[in-house]
Protein chains: 8
Amino acid sequence: MDSAKIQKILSDLSSRKIDEAAALHALRHLPYEDLSFAKIDHHRHIRQGIPEVIYAAGKTEKQVVDIAKAMHKNSGSFLITRASKKIFTLLKIKGKVYHEASGMIGVGGSKEKAGNILVLTAGTSDLPIAEEAAVTAAFLGSRVTTVHDVGVAGLHRLFDNKKAMHEARVIIVAAGMEGALPSVVGGMTDKPIIAVPTSTGYGTSFNGLTALFAMLNSCVPGIAVMNIDNGFGAGCLAHKINTLS
Amino acid sequence: MDSAKIQKILSDLSSRKIDEAAALHALRHLPYEDLSFAKIDHHRHIRQGIPEVIYAAGKTEKQVVDIAKAMHKNSGSFLITRASKKIFTLLKIKGKVYHEASGMIGVGGSKEKAGNILVLTAGTSDLPIAEEAAVTAAFLGSRVTTVHDVGVAGLHRLFDNKKAMHEARVIIVAAGMEGALPSVVGGMTDKPIIAVPTSTGYGTSFNGLTALFAMLNSCVPGIAVMNIDNGFGAGCLAHKINTLS
Amino acid sequence: MDSAKIQKILSDLSSRKIDEAAALHALRHLPYEDLSFAKIDHHRHIRQGIPEVIYAAGKTEKQVVDIAKAMHKNSGSFLITRASKKIFTLLKIKGKVYHEASGMIGVGGSKEKAGNILVLTAGTSDLPIAEEAAVTAAFLGSRVTTVHDVGVAGLHRLFDNKKAMHEARVIIVAAGMEGALPSVVGGMTDKPIIAVPTSTGYGTSFNGLTALFAMLNSCVPGIAVMNIDNGFGAGCLAHKINTLS
Amino acid sequence: MDSAKIQKILSDLSSRKIDEAAALHALRHLPYEDLSFAKIDHHRHIRQGIPEVIYAAGKTEKQVVDIAKAMHKNSGSFLITRASKKIFTLLKIKGKVYHEASGMIGVGGSKEKAGNILVLTAGTSDLPIAEEAAVTAAFLGSRVTTVHDVGVAGLHRLFDNKKAMHEARVIIVAAGMEGALPSVVGGMTDKPIIAVPTSTGYGTSFNGLTALFAMLNSCVPGIAVMNIDNGFGAGCLAHKINTLS
Amino acid sequence: MDSAKIQKILSDLSSRKIDEAAALHALRHLPYEDLSFAKIDHHRHIRQGIPEVIYAAGKTEKQVVDIAKAMHKNSGSFLITRASKKIFTLLKIKGKVYHEASGMIGVGGSKEKAGNILVLTAGTSDLPIAEEAAVTAAFLGSRVTTVHDVGVAGLHRLFDNKKAMHEARVIIVAAGMEGALPSVVGGMTDKPIIAVPTSTGYGTSFNGLTALFAMLNSCVPGIAVMNIDNGFGAGCLAHKINTLS
Amino acid sequence: MDSAKIQKILSDLSSRKIDEAAALHALRHLPYEDLSFAKIDHHRHIRQGIPEVIYAAGKTEKQVVDIAKAMHKNSGSFLITRASKKIFTLLKIKGKVYHEASGMIGVGGSKEKAGNILVLTAGTSDLPIAEEAAVTAAFLGSRVTTVHDVGVAGLHRLFDNKKAMHEARVIIVAAGMEGALPSVVGGMTDKPIIAVPTSTGYGTSFNGLTALFAMLNSCVPGIAVMNIDNGFGAGCLAHKINTLS
Amino acid sequence: MDSAKIQKILSDLSSRKIDEAAALHALRHLPYEDLSFAKIDHHRHIRQGIPEVIYAAGKTEKQVVDIAKAMHKNSGSFLITRASKKIFTLLKIKGKVYHEASGMIGVGGSKEKAGNILVLTAGTSDLPIAEEAAVTAAFLGSRVTTVHDVGVAGLHRLFDNKKAMHEARVIIVAAGMEGALPSVVGGMTDKPIIAVPTSTGYGTSFNGLTALFAMLNSCVPGIAVMNIDNGFGAGCLAHKINTLS
Amino acid sequence: MDSAKIQKILSDLSSRKIDEAAALHALRHLPYEDLSFAKIDHHRHIRQGIPEVIYAAGKTEKQVVDIAKAMHKNSGSFLITRASKKIFTLLKIKGKVYHEASGMIGVGGSKEKAGNILVLTAGTSDLPIAEEAAVTAAFLGSRVTTVHDVGVAGLHRLFDNKKAMHEARVIIVAAGMEGALPSVVGGMTDKPIIAVPTSTGYGTSFNGLTALFAMLNSCVPGIAVMNIDNGFGAGCLAHKINTLS
């Protein structure tokens with residue numbers, strides 16, 4: 001709906017560079033491929049800066065495999081999140097990689113490794129979500145460093161990684177039982193922080209809801225929060241910020 | 001309902017030291033005074049270790065004043081929580097003190113100042129609840145130290161008070177927007193910690209609920225949690241622990 | 001707690017360039033000023049990239065004025081959020097500005113106006129929070145553009161601002177009844193988006209909670225979410241991202 | 001309880017056209033069949049416009065089959081929702097059809113295909129609920145068109161279906177992670193919209209609750225909302241509206 | 001974004017009926033008026049079937065009056081919801097009407113009174129929301145009948161209005177403490193029912209939430225639900241359905 | 001809808017004892033008076049055992065007064081709950097009584113005082129709800145005994161009233177912060193217990209919700225629970241049980 | 001703690017009818033049997049009117065069987081709720097009966113069948129809870145009548161059972177998706193009503209919570225509510241009320 | 001970060017007792033071992049009074065075993081909570097003990113058994129959490145007494161254990177359906193009470209949430225509350241209080 005682009009098409013039509021049909025076609029501005037149950041958006045990368053990634057949960061295995069194949073044929077690359085090992089086996093594509101903790105399957109991806117994203121986790125059980133964030137950002141073209149198990153119960157472990165914080169452009173903090181961690185990190189650095197609550201814990205952790213609210217509630221300015229377990233979204237946002245020129 | 005005590009009364013009756021009426025009377029084990037709308041429990045101190053304190057919210061001003069007078073007449077001491085300044089004016093009793101931030105009125109109280117309780121607050125708005133805890137514990141007979149505004153956004157302020165933590169027997173941490181603070185304190189000390197969520201903050205602070213859940217959720221063992229804004233309860237428990245012989 | 005910095009101090013001490021007392025002093029790494037009810041952190045700018053801003057809600061008017069004066073004396077600048085007009089009147093400081101919709105008081109602030117932050121609102125009632133974000137970011141040193149009333153009920157109003165989206169480095173979207181807006185904006189741009197739910201609406205808007213959850217839930221990657229009504233936090237984060245070199 | 005009908009019966013009795021017993025019988029106004037565990041209401045179609053449909057969840061397989069048989073014997077038609085494949089196998093009735101995504105079993109149904117209902121889904125995982133709505137409306141006698149995967153992350157996919165929106169009399173929108181979709185559709189059309197939240201998503205999707213609230217909260221007037229996953233109800237209501245003469 | 005319309009514009013341009021500038025202008029498909037704090041959408045009636053109504057809550061009195069004047073100047077009609085009596089006084093416009101129970105201000109509106117909408121309320125305290133629905137639908141051009149106080153505690157009062165139900169094309173049911181009412185009505189009629197939960201009641205009524213959930217939960221098919229207290233939305237939707245040709 | 005009664009009417013008509021019009025009239029089984037905003041149900045006493053009581057909250061003062069007058073004219077009796085002192089002043093009716101704690105106004109009422117209902121309260125702030133229950137039951141014709149301030153913190157106060165429990169036919173327990181009380185009472189008696197949670201307390205009392213849930217959750221069988229603060233309902237039910245012959 | 005009983009013991013001791021040891025023993029007023037993991041309370045029947053029933057959920061199969069045997073040995077009777085078929089098989093006791101829908105196992109029970117309790121269910125899926133209530137009340141000694149599937153979607157089915165309502169002393173209404181049913185029943189009768197919400201339904205039924213709140217919220221006085229799925233408690237309470245002399 | 005300790009190190013360096021490297025090393029105040037997925041904190045005992053215990057939930061079996069081995073090699077002791085029997089089998093370590101109800105594995109632990117902690121449970125299903133608390137406290141070095149099944153439905157069972165309460169220094173109360181128990185115990189003793197809500201029950205027990213809120217809400221001062229099912233935390237805190245000198 002970009003006026004300039006429309007004007008260009010109109011101008012081309014007006015000057016007969018293109019005909020009516022071509023103009024109409026051009027105005028339907030982004031092509032997609034229709035698989036009947038899903039419309040693959042091959043141009044999303046151009047529009048949103050993130051290629052369409054396949055969220056496997058809630059889709060049948062066949063649907064996931066079909067979408068992956070269509071994408072692979074088009075671009076040679078794709079990323080699947082929340083995938084079972086079964087889907088990995090069903091996919092007959094070379095170069096596929098399975099990330100076990102997070103259940104991701106990747107093929108291709110960006111070769112560039114720009115900037116520097118630091119991913120911190122509070123405890124061992126936050127690892128799958130941290131991996132989802134790290135693999136996503138790397139797939140999109142960011143350099144990623146990961147440090148695990150630096151929760152607030154032993155602050156010295158966190159302090160020993162102050163250098164890594166300093167060298168990062170953006171910091172992702174994944175924590176479930178320790179919603180406090182992003183606040184503590186935020187008190188130590190001037191970098192943008194992306195907090196990802198994870199659904200670990202029991203009782204009043206409410207599957208990550210308490211961590212989510214604690215993170216939103218932080219007194220430290222400059223902390224943004226993602227949905228519970230949304231490592232993928234954190235990786236995307238971190239990559240966008242990291243590669244802002 | 002103590003078997004030994006009952007046996008003593010029975011034995012006295014059996015040996016005619018006391019008569020039936022006296023025995024029956026003795027078995028109704030704790031006296032109280034009936035004001036029709038409230039039954040004052042003058043022996044609560046013996047039974048629970050805490051004299052009955054008047055919770056003014058939900059009572060009429062007249063009811064509060066009447067209960068306070070009855071207590072004062074009996075013991076020369078009382079403590080009122082959540083009291084308006086109006087009640088303070090209505091109370092014609094010598095030596096009364098009004099604690100403005102917390103809305104407490106005290107007369108008398110223990111003269112002993114035993115042990116050492118440290119009260120920490122995350123921010124200025126947590127001060128009223130911290131005062132409620134401190135005044136309560138002091139009234140009951142504990143020595144109390146208070147340090148304000150040591151939230152996680154500036155950890156060095158907390159670290160500068162490590163000596164105070166070391167010298168305390170029990171630590172009360174009052175925090176609303178920073179449910180994280182008890183965890184951080186708990187990672188630095190081996191003392192029992194009583195966390196009191198406060199109803200400050202906005203949005204997802206949910207009037208203290210997020211702080212409450214974050215505190216309950218802490219990975220650091222040895223943290224007990226009180227109801228939101230329950231500075232009084234924190235003061236009572238801290239005093240009990242502080243004076244355990 | 002930076003090893004290099006400690007090593008430098010130790011080395012200086014070891015070589016007698018500084019004495020023990022100076023070393024100890026240097027190691028207490030950041031100074032602050034103690035007002036008894038609040039500890040002002042004059043070096044926060046260095047540590048976190050954001051100078052301490054005064055959150056007036058939950059503080060007495062006198063406390064706010066005292067903190068503001070102490071800050072003004074130290075740096076010539078300060079920003080107060082959620083302030084009443086009364087506080088503005090009480091503050092006897094030159095150059096003070098009152099932002100009516102958001103209730104902010106600013107003095108000084110950065111002169112630099114770097115990069116470009118776009119602030120979008122869904123409806124007229126989201127305006128106060130949008131102003132809080134915009135004033136904050138401008139105070140910190142960012143260039144800010146604001147466009148109001150571009151909700152999804154009339155998408156063409158949003159499409160007419162596509163150029164503004166394209167020119168921004170970061171986009172803040174404030175919306176209460178239209179939690180949908182950040183998703184729609186996110187589908188049209190590759191810029192990092194900071195979504196701020198506002199507490200407008202009634203019934204199932206739950207004071208902004210529904211907008212908050214809808215935003216966290218968005219399928220569009222690259223959207224970060226702030227606490228309900230946290231325009232200040234959005235302004236801080238947008239500024240950090242906007243000025244990342 | 002229709003006065004006119006009662007008057008007619010009374011009048012018939014008064015004029016001896018019918019006897020007392022017949023009058024009493026006529027006044028028990030709607031017959032039903034008692035299966036001991038369920039009372040089948042064969043006249044519901046007349047009273048409510050919707051024949052009784054069997055909701056299989058919470059019933060034993062035998063109960064479902066028995067009810068279906070009784071209905072089939074009475075009218076030759078029935079529809080079962082939330083049915084397992086096992087029930088489909090147990091049913092020995094000709095012409096039965098199993099709708100896999102939604103788990104519906106249908107026999108018979110209306111032959112008329114009146115008006116035009118458009119069913120839109122935001123993503124592939126909303127498909128089962130959309131199918132439930134579509135199959136129900138078709139069974140009742142409406143013409144139904146379905147378009148999948150037109151979520152807000154790629155608005156052009158939605159715009160390409162504007163003609164279908166224009167041709168519909170009623171629009172059903174099924175969406176889970178994108179509670180925004182009905183608002184966006186509602187901004188583009190003047191048709192009544194029935195929004196069905198689906199229980200897809202994770203974290204703060206709360207099994208469809210966030211979508212439900214977002215839909216109820218929409219600023220666009222003319223959107224009605226159904227219970228989470230209630231495709232059946234949406235199909236019924238759409239059919240009623242679609243066939244209003 | 002209607003292809004046909006675009007093709008027409010392109011065709012006109014191609015054949016030189018219009019020039020480039022006119023084509024570009026035409027493509028920005030709907031005009032609106034910019035009041036800086038609000039963008040009035042004069043063509044909404046064409047696009048959505050409902051003219052823009054002013055929701056006064058969350059706007060300053062001056063903003064409401066300015067928007068009303070601009071609308072009045074354009075079309076001679078407007079409707080304000082949730083308006084204070086003060087706004088009514090401030091509005092210097094002839095023919096203005098104040099609806100006291102609901103706080104609505106209307107000027108002009110449709111002269112046509114088509115079809116028939118029945119509005120039922122469970123109790124006296126549901127009256128304001130019922131009035132909001134009735135006034136809205138009448139303003140838009142529907143004939144409206146209202147019957148109050150027909151709650152389930154006295155079913156005979158409801159049965160006495162069966163004729164009114166029969167004559168209606170659509171039924172709106174407003175109920176707070178009696179979330180049951182739409183189900184009972186739904187069991188007696190084949191008309192589309194729009195249920196509006198109201199925020200009356202106490203304790204577990206949760207300001208209308210229980211009524212909302214009970215209505216969504218109804219076993220009777222063909223009931224659509226609106227946001228709590230959203231009489232306006234119910235009126236809009238009822239009007240749309242009522243005037244479907 | 002009683003077959004026998006209908007048969008009687010039909011039989012009378014058939015044998016010409018009554019005419020058609022009389023029969024029709026008789027079949028509209030219960031008369032009521034229409035005040036336009038409220039339909040007073042004078043025969044409710046016969047149908048439900050409880051005369052219509054006026055719930056003042058959510059009605060205008062004039063509406064309350066008008067309904068009360070109409071009832072008084074019909075039966076000489078009425079009871080108003082949640083009434084302001086202003087309404088009491090506006091009512092020009094002899095013999096009116098104002099119950100201050102609960103805000104009830106009564107005129108007339110049953111003269112009989114049958115059976116025995118015991119009302120217990122945990123604390124002074126539960127008194128208004130206990131009064132609502134006691135006044136209601138007495139108005140309907142039950143003998144009522146009330147004992148205040150017998151909470152679980154001093155069980156001996158409760159034990160001293162064991163005789164009162166023994167003599168009661170039904171026990172009402174009103175408690176807010178002590179949801180435990182009905183369980184403790186239930187462990188000591190074999191009488192039906194009606195538990196009424198009250199909205200006293202703070203923090204996690206959630207305006208009575210915690211007491212409500214705790215009461216519903218009790219392990220002691222034979223406890224029924226009312227809505228929060230529903231003293232009126234408790235009084236009605238206790239009266240019904242108390243007067244079961 | 002009954003004064004009279006104590007006085008009797010004291011009197012006996014004083015007059016040497018019993019010795020000290022016997023008096024002490026008598027004062028430990030109720031015997032129980034200790035199984036180490038559970039203390040069986042054989043005298044509960046005397047104290048609470050309900051013999052101890054075994055709640056199997058949360059206990060191991062062995063624990064359930066051991067408790068049942070101890071009870072059987074003592075009284076020849078017991079009732080187990082929420083029991084698996086496996087437990088039924090493991091129990092080697094004559095006369096045991098398994099109630100399949102509710103998962104109850106009964107041996108013995110009262111032979112008396114007094115009064116009359118009516119159990120109504122809204123739909124087939126509410127049957128297990130209704131059975132739990134009916135079996136419990138019958139076991140305790142009440143006569144019980146059950147009528148299924150009389151939900152509000154077909155009110156005539158309910159009206160046909162008005163005679164059963166009239167003959168009952170107490171009515172239990174079990175309903176999940178139709179929280180409305182107790183209100184409708186309550187509008188038709190003057191009998192005490194015990195409402196039991198069941199955890200059937202989906203979406204906003206919230207596992208019975210919506211039905212629970214709707215029932216608590218009913219405008220019809222005289223309805224008491226039990227915990228979700230607590231058929232056992234409803235049966236106990238109904239029996240207590242039913243057998244009140 | 002203890003100034004005194006730093007001064008000592010600086011002083012030693014200044015006086016050449018230690019060199020720069022040693023000083024730097026000393027300043028990294030607590031060593032830990034890095035297993036890549038977890039950082040074991042061998043000195044936590046010194047800092048927090050509690051050695052690191054392994055929380056098995058959310059970790060792979062291999063991770064748990066590896067951490068346990070590393071701990072065992074370092075200290076000869078470890079405790080695992082929420083462990084499956086499979087982990088017990090995989091651990092090839094002498095002296096290991098499996099606690100079946102709670103799923104804990106212990107090796108070594110303190111030999112000292114100091115003070116006296118009393119653990120009370122309301123019912124048989126609270127036993128696993130009580131065991132978690134008891135085993136933890138004993139492992140850390142406290143003497144522990146446990147009494148089961150003393151719920152409020154039979155208060156005499158509780159009264160019979162008054163002596164045990166008197167002899168304890170701290171009391172842990174584990175209860176799920178009976179959130180009332182800590183209040184009742186708190187009314188009988190002056191000892192600090194640690195309340196642990198358990199996730200037993202159904203319906204409105206909300207997996208322990210109701211018990212949690214009821215405990216927080218208690219009127220009896222001196223009760224601290226732990227997260228739902230957090231027997232481990234209760235054991236740690238009780239031990240800390242029990243061993244306060």
# chains A, B, ... in the order shown; residues from 1 in each chain; ligands from 1
>>> select_by_dssp(residues="segment 170-215 of chain D", states="helix (DSSP H, G or I)", output="list in words")
Leu181, Pro182, Ser183, Val184, Val185, Gly186, Gly203, Thr204, Ser205, Phe206, Asn207, Gly208, Leu209, Thr210, Ala211, Leu212, Phe213, Ala214 and Met215 of chain D
>>> closest_atom_pairs(of="chain G", to="chain E", cutoff="10 Å", atoms="only C-alpha atoms", output="JSON lines")
{"residue": "G:Gly123", "atom": "CA", "partner": "E:Cys219", "partner_atom": "CA", "distance": 9.7}
{"residue": "G:Gly151", "atom": "CA", "partner": "E:Cys219", "partner_atom": "CA", "distance": 8.8}
{"residue": "G:Val152", "atom": "CA", "partner": "E:Val184", "partner_atom": "CA", "distance": 5.8}
{"residue": "G:Ala153", "atom": "CA", "partner": "E:Gly187", "partner_atom": "CA", "distance": 4.3}
{"residue": "G:Gly154", "atom": "CA", "partner": "E:Gly187", "partner_atom": "CA", "distance": 5.8}
{"residue": "G:Leu155", "atom": "CA", "partner": "E:Gly187", "partner_atom": "CA", "distance": 7.2}
{"residue": "G:His156", "atom": "CA", "partner": "E:Gly187", "partner_atom": "CA", "distance": 9.9}
{"residue": "G:Gly176", "atom": "CA", "partner": "E:Asn217", "partner_atom": "CA", "distance": 9.3}
{"residue": "G:Met177", "atom": "CA", "partner": "E:Asn217", "partner_atom": "CA", "distance": 6.0}
{"residue": "G:Glu178", "atom": "CA", "partner": "E:Ser218", "partner_atom": "CA", "distance": 6.4}
{"residue": "G:Gly179", "atom": "CA", "partner": "E:Ala214", "partner_atom": "CA", "distance": 7.0}
{"residue": "G:Ala180", "atom": "CA", "partner": "E:Ala180", "partner_atom": "CA", "distance": 4.5}
{"residue": "G:Leu181", "atom": "CA", "partner": "E:Ala180", "partner_atom": "CA", "distance": 7.8}
{"residue": "G:Pro182", "atom": "CA", "partner": "E:Ala180", "partner_atom": "CA", "distance": 9.7}
{"residue": "G:Ser183", "atom": "CA", "partner": "E:Ala153", "partner_atom": "CA", "distance": 6.6}
{"residue": "G:Val184", "atom": "CA", "partner": "E:Val152", "partner_atom": "CA", "distance": 5.8}
{"residue": "G:Val185", "atom": "CA", "partner": "E:Ala153", "partner_atom": "CA", "distance": 8.7}
{"residue": "G:Gly186", "atom": "CA", "partner": "E:Ala153", "partner_atom": "CA", "distance": 7.1}
{"residue": "G:Gly187", "atom": "CA", "partner": "E:Ala153", "partner_atom": "CA", "distance": 4.3}
{"residue": "G:Met188", "atom": "CA", "partner": "E:Ala153", "partner_atom": "CA", "distance": 7.8}
{"residue": "G:Gly201", "atom": "CA", "partner": "E:Asn217", "partner_atom": "CA", "distance": 7.7}
{"residue": "G:Tyr202", "atom": "CA", "partner": "E:Asn217", "partner_atom": "CA", "distance": 8.0}
{"residue": "G:Gly203", "atom": "CA", "partner": "E:Asn217", "partner_atom": "CA", "distance": 7.8}
{"residue": "G:Thr204", "atom": "CA", "partner": "E:Phe213", "partner_atom": "CA", "distance": 5.6}
{"residue": "G:Ser205", "atom": "CA", "partner": "E:Asn217", "partner_atom": "CA", "distance": 6.0}
{"residue": "G:Phe206", "atom": "CA", "partner": "E:Phe213", "partner_atom": "CA", "distance": 9.0}
{"residue": "G:Leu209", "atom": "CA", "partner": "E:Thr210", "partner_atom": "CA", "distance": 9.2}
{"residue": "G:Thr210", "atom": "CA", "partner": "E:Ala214", "partner_atom": "CA", "distance": 6.0}
{"residue": "G:Ala211", "atom": "CA", "partner": "E:Ala214", "partner_atom": "CA", "distance": 6.9}
{"residue": "G:Leu212", "atom": "CA", "partner": "E:Thr204", "partner_atom": "CA", "distance": 9.1}
{"residue": "G:Phe213", "atom": "CA", "partner": "E:Thr204", "partner_atom": "CA", "distance": 5.7}
{"residue": "G:Ala214", "atom": "CA", "partner": "E:Thr210", "partner_atom": "CA", "distance": 6.1}
{"residue": "G:Met215", "atom": "CA", "partner": "E:Thr204", "partner_atom": "CA", "distance": 9.4}
{"residue": "G:Leu216", "atom": "CA", "partner": "E:Thr204", "partner_atom": "CA", "distance": 6.9}
{"residue": "G:Asn217", "atom": "CA", "partner": "E:Met177", "partner_atom": "CA", "distance": 5.9}
{"residue": "G:Ser218", "atom": "CA", "partner": "E:Met177", "partner_atom": "CA", "distance": 6.4}
{"residue": "G:Cys219", "atom": "CA", "partner": "E:Met177", "partner_atom": "CA", "distance": 6.5}
{"residue": "G:Val220", "atom": "CA", "partner": "E:Ala153", "partner_atom": "CA", "distance": 5.8}
{"residue": "G:Pro221", "atom": "CA", "partner": "E:Ala153", "partner_atom": "CA", "distance": 9.2}
>>> atom_distance(atom1="atom CA of Ile172 of chain F", atom2="atom CA of Thr81 of chain B")
29.2 Å
